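S.K.: Let me give you the structure first, and then I'll get to my questions.
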Amino acid sequence: MRFYLAVSPAFPRARRFRLAAICVAATNLPLLAWLGWSAATGDVAPGQFAVLALASLVGTAIALHGIGSLLAGLPVAQERRATVTPLPQRSADPIGDLLASVNRAASAADQRMRELDLAAKEDLLTGARNRRGFLADIEDFLPAERRGTVALLDLDRFRQINDQFGHEVGDRVLRDFAGRLSSELRRGDLVARWDGEEFAVLFRGATEDEAAGVLGRVTRRLIANPLIVLDGEALTFSAGVCRFGGEGIDATILGAENALLEAKGAGRARVACASRPGQILLPLA
């Protein structure tokens with residue numbers, strides 16, 4: 001490496017031209033020494049010069065081809081820094097070792113990036129999507145489909161669980177509720193922990209009434225098989241639903257939030273639809 005850095009200013013900047021210049025200089029050194037000796041002694045033999053010159057050219061060509069073959073993997077290794085496609089296996093030589101190490105490093109980095117991306121979009125407590133993951137999935141959903149309903153759910157009296165039973169029980173209820181909610185939905189629907197005891201659901205291709213019907217079924221099953229009982233009553237939730245037309249998610253989320261506030265104000269286990277402000281659709285229980 002020191003020699004490479006030392007001679008770099010004396011040779012062309014491009015790697016191929018630099019290697020060619022070094023090979024030409026090295027392989028023709030014997031010829032230059034012979035010419036110097038012949039000039040000093042006055043004994044110049046044209047035949048010998050021709051043989052040495054031809055041998056030097058052949059040696060230069062062989063050296064260039066051999067070094068070029070050894071270093072052919074370097075561009076692949078450089079490209080590997082920006083891609084994760086598999087590299088061909090090579091024999092145990094320095095270039096092969098370089099390719100193998102770059103391949104391992106790039107694969108490990110790619111796997112780590114995937115894990116970090118997944119962690120950034122996943123709620124650690126419940127295993128459901130978090131707010132960021134939910135919105136990112138909807139962005140992927142936008143180009144393909146143009147209808148659906150977004151629901152925001154808030155667990156009723158959840159603070160009482162933490163105050164009465166402790167945060168460990170509260171965390172268990174959140175995990176169980178996320179699992180129960182996911183099990184009641186279709187494969188294409190999406191569940192996320194929105195914030196604290198709030199959850200978000202994307203009902204793909206569903207109307208507000210269809211989404212409210214599913215939420216009613218979830219509530220009835222929660223009452224029949226409670227996650228926890230508070231003052232003799234099963235834990236329930238309130239919900240607000242808003243139709244999603246594919247024009248953008250912010251307005252839909254705001255509509256669902258406003259509908260949720262209406263449902264919470266009307267009592268527990270209620271749902272409100274953004275398309276009918278001021279009207280509680282039905283008591284879910």
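Order determines the names: the first chain of the structure tokens is A, the second B, and so forth; residues in each chain are numbered 1 upward, and ligands are numbered 1 upward as they are shown.
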Within 12 Å of Arg180 (chain A), counting only C-alpha atoms, which residues show up once you throw out same-chain ones fewer than 2 positions away? Write them as a list of chain:residue names, please.

M.R.: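 Near Arg180 (chain A), the qualifying residues are A:Thr126, A:Ala128, A:Val173, A:Leu174, A:Arg175, A:Asp176, A:Phe177, A:Ala178, A:Ser182, A:Ser183, A:Glu184, A:Leu185, A:Val191, A:Leu215, A:Arg217, A:Val218, A:Thr219, A:Arg221, A:Leu222, A:Asn225, A:Pro226, A:Leu227.
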
S.K.: Could you write out that same residue set with C-alpha atoms as a short mmCIF file (atom, residue, chain, number, x, y, z; two decimals), in the first residue's frame?

M.R.:
```
data_model
loop_
_atom_site.label_atom_id
_atom_site.label_comp_id
_atom_site.auth_asym_id
_atom_site.auth_seq_id
_atom_site.Cartn_x
_atom_site.Cartn_y
_atom_site.Cartn_z
CA THR A 126 -48.54 -5.68 21.06
CA ALA A 128 -49.13 -4.86 15.80
CA VAL A 173 -54.90 -6.30 28.22
CA LEU A 174 -53.45 -4.24 25.38
CA ARG A 175 -51.64 -7.28 23.96
CA ASP A 176 -54.71 -9.48 24.27
CA PHE A 177 -56.98 -6.86 22.73
CA ALA A 178 -54.66 -6.44 19.74
CA SER A 182 -56.66 -9.02 14.59
CA SER A 183 -58.29 -12.45 14.79
CA GLU A 184 -61.72 -10.95 14.02
CA LEU A 185 -60.63 -9.16 10.85
CA VAL A 191 -54.56 -3.31 12.77
CA LEU A 215 -66.75 -3.71 15.37
CA ARG A 217 -69.32 -8.31 16.45
CA VAL A 218 -65.95 -7.79 18.17
CA THR A 219 -67.64 -6.03 21.08
CA ARG A 221 -67.51 -11.34 21.71
CA LEU A 222 -65.55 -9.22 24.17
CA ASN A 225 -65.55 -13.65 26.72
CA PRO A 226 -64.09 -10.65 28.63
CA LEU A 227 -60.44 -9.71 28.57
#
```

S.K.: Apply DSSP to the structure's backbone, then extract all residues of region 132-178 of chain A labelled strand (DSSP E or B) and return them as an mmCIF file with all heavy atoms, in the first residue's frame.

M.R.:
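The result, written out as part-v5.cif:
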```cif
data_model
loop_
_atom_site.group_PDB
_atom_site.id
_atom_site.type_symbol
_atom_site.label_atom_id
_atom_site.label_comp_id
_atom_site.auth_asym_id
_atom_site.auth_seq_id
_atom_site.Cartn_x
_atom_site.Cartn_y
_atom_site.Cartn_z
ATOM 1 N N GLY A 148 -62.305 2.137 1.143
ATOM 2 C CA GLY A 148 -62.122 1.436 2.398
ATOM 3 C C GLY A 148 -62.606 2.339 3.525
ATOM 4 O O GLY A 148 -63.145 3.423 3.296
ATOM 5 N N THR A 149 -62.406 1.888 4.750
ATOM 6 C CA THR A 149 -62.825 2.659 5.927
ATOM 7 C C THR A 149 -61.750 2.553 6.992
ATOM 8 O O THR A 149 -61.196 1.471 7.230
ATOM 9 C CB THR A 149 -64.166 2.135 6.486
ATOM 10 O OG1 THR A 149 -65.197 2.376 5.536
ATOM 11 C CG2 THR A 149 -64.526 2.835 7.787
ATOM 12 N N VAL A 150 -61.455 3.686 7.612
ATOM 13 C CA VAL A 150 -60.513 3.738 8.716
ATOM 14 C C VAL A 150 -61.305 3.910 10.014
ATOM 15 O O VAL A 150 -62.209 4.744 10.086
ATOM 16 C CB VAL A 150 -59.513 4.890 8.559
ATOM 17 C CG1 VAL A 150 -58.669 5.054 9.826
ATOM 18 C CG2 VAL A 150 -58.602 4.643 7.364
ATOM 19 N N ALA A 151 -60.972 3.115 11.013
ATOM 20 C CA ALA A 151 -61.626 3.199 12.323
ATOM 21 C C ALA A 151 -60.570 3.467 13.393
ATOM 22 O O ALA A 151 -59.484 2.888 13.358
ATOM 23 C CB ALA A 151 -62.372 1.909 12.637
ATOM 24 N N LEU A 152 -60.903 4.344 14.320
ATOM 25 C CA LEU A 152 -60.080 4.578 15.505
ATOM 26 C C LEU A 152 -60.859 4.088 16.715
ATOM 27 O O LEU A 152 -62.023 4.460 16.914
ATOM 28 C CB LEU A 152 -59.739 6.055 15.652
ATOM 29 C CG LEU A 152 -58.783 6.629 14.611
ATOM 30 C CD1 LEU A 152 -58.493 8.103 14.906
ATOM 31 C CD2 LEU A 152 -57.478 5.851 14.578
ATOM 32 N N LEU A 153 -60.216 3.225 17.521
ATOM 33 C CA LEU A 153 -60.852 2.605 18.672
ATOM 34 C C LEU A 153 -60.159 3.075 19.944
ATOM 35 O O LEU A 153 -58.923 3.198 19.968
ATOM 36 C CB LEU A 153 -60.762 1.080 18.595
ATOM 37 C CG LEU A 153 -61.595 0.321 17.569
ATOM 38 C CD1 LEU A 153 -61.273 0.717 16.142
ATOM 39 C CD2 LEU A 153 -61.415 -1.183 17.757
ATOM 40 N N ASP A 154 -60.949 3.298 20.988
ATOM 41 C CA ASP A 154 -60.399 3.697 22.283
ATOM 42 C C ASP A 154 -61.004 2.795 23.355
ATOM 43 O O ASP A 154 -62.238 2.713 23.481
ATOM 44 C CB ASP A 154 -60.721 5.162 22.576
ATOM 45 C CG ASP A 154 -60.074 5.636 23.862
ATOM 46 O OD1 ASP A 154 -58.925 6.084 23.811
ATOM 47 O OD2 ASP A 154 -60.727 5.547 24.930
ATOM 48 N N LEU A 155 -60.139 2.106 24.114
ATOM 49 C CA LEU A 155 -60.629 1.211 25.161
ATOM 50 C C LEU A 155 -61.290 2.022 26.269
ATOM 51 O O LEU A 155 -60.696 2.964 26.809
ATOM 52 C CB LEU A 155 -59.484 0.378 25.725
ATOM 53 C CG LEU A 155 -58.810 -0.598 24.751
ATOM 54 C CD1 LEU A 155 -57.704 -1.362 25.463
ATOM 55 C CD2 LEU A 155 -59.819 -1.561 24.156
#
```

S.K.: So that I can check the surroundings of Ala272 (chain A), please list as a ChimeraX atom specification every protein, DNA and RNA residue that reaches within 12 Å of it, counting only C-alpha atoms and ignoring chain neighbours fewer than 6 positions away.

M.R.: /A:151-153,208-209,211-213,215-216,238-243,255-266,278-284

S.K.: How many Å lie between CA of Asp156 (chain A) and CA of Ala269 (chain A), rounded to one decimal?

M.R.: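 Between these atoms lies a distance of 7.5 Å.
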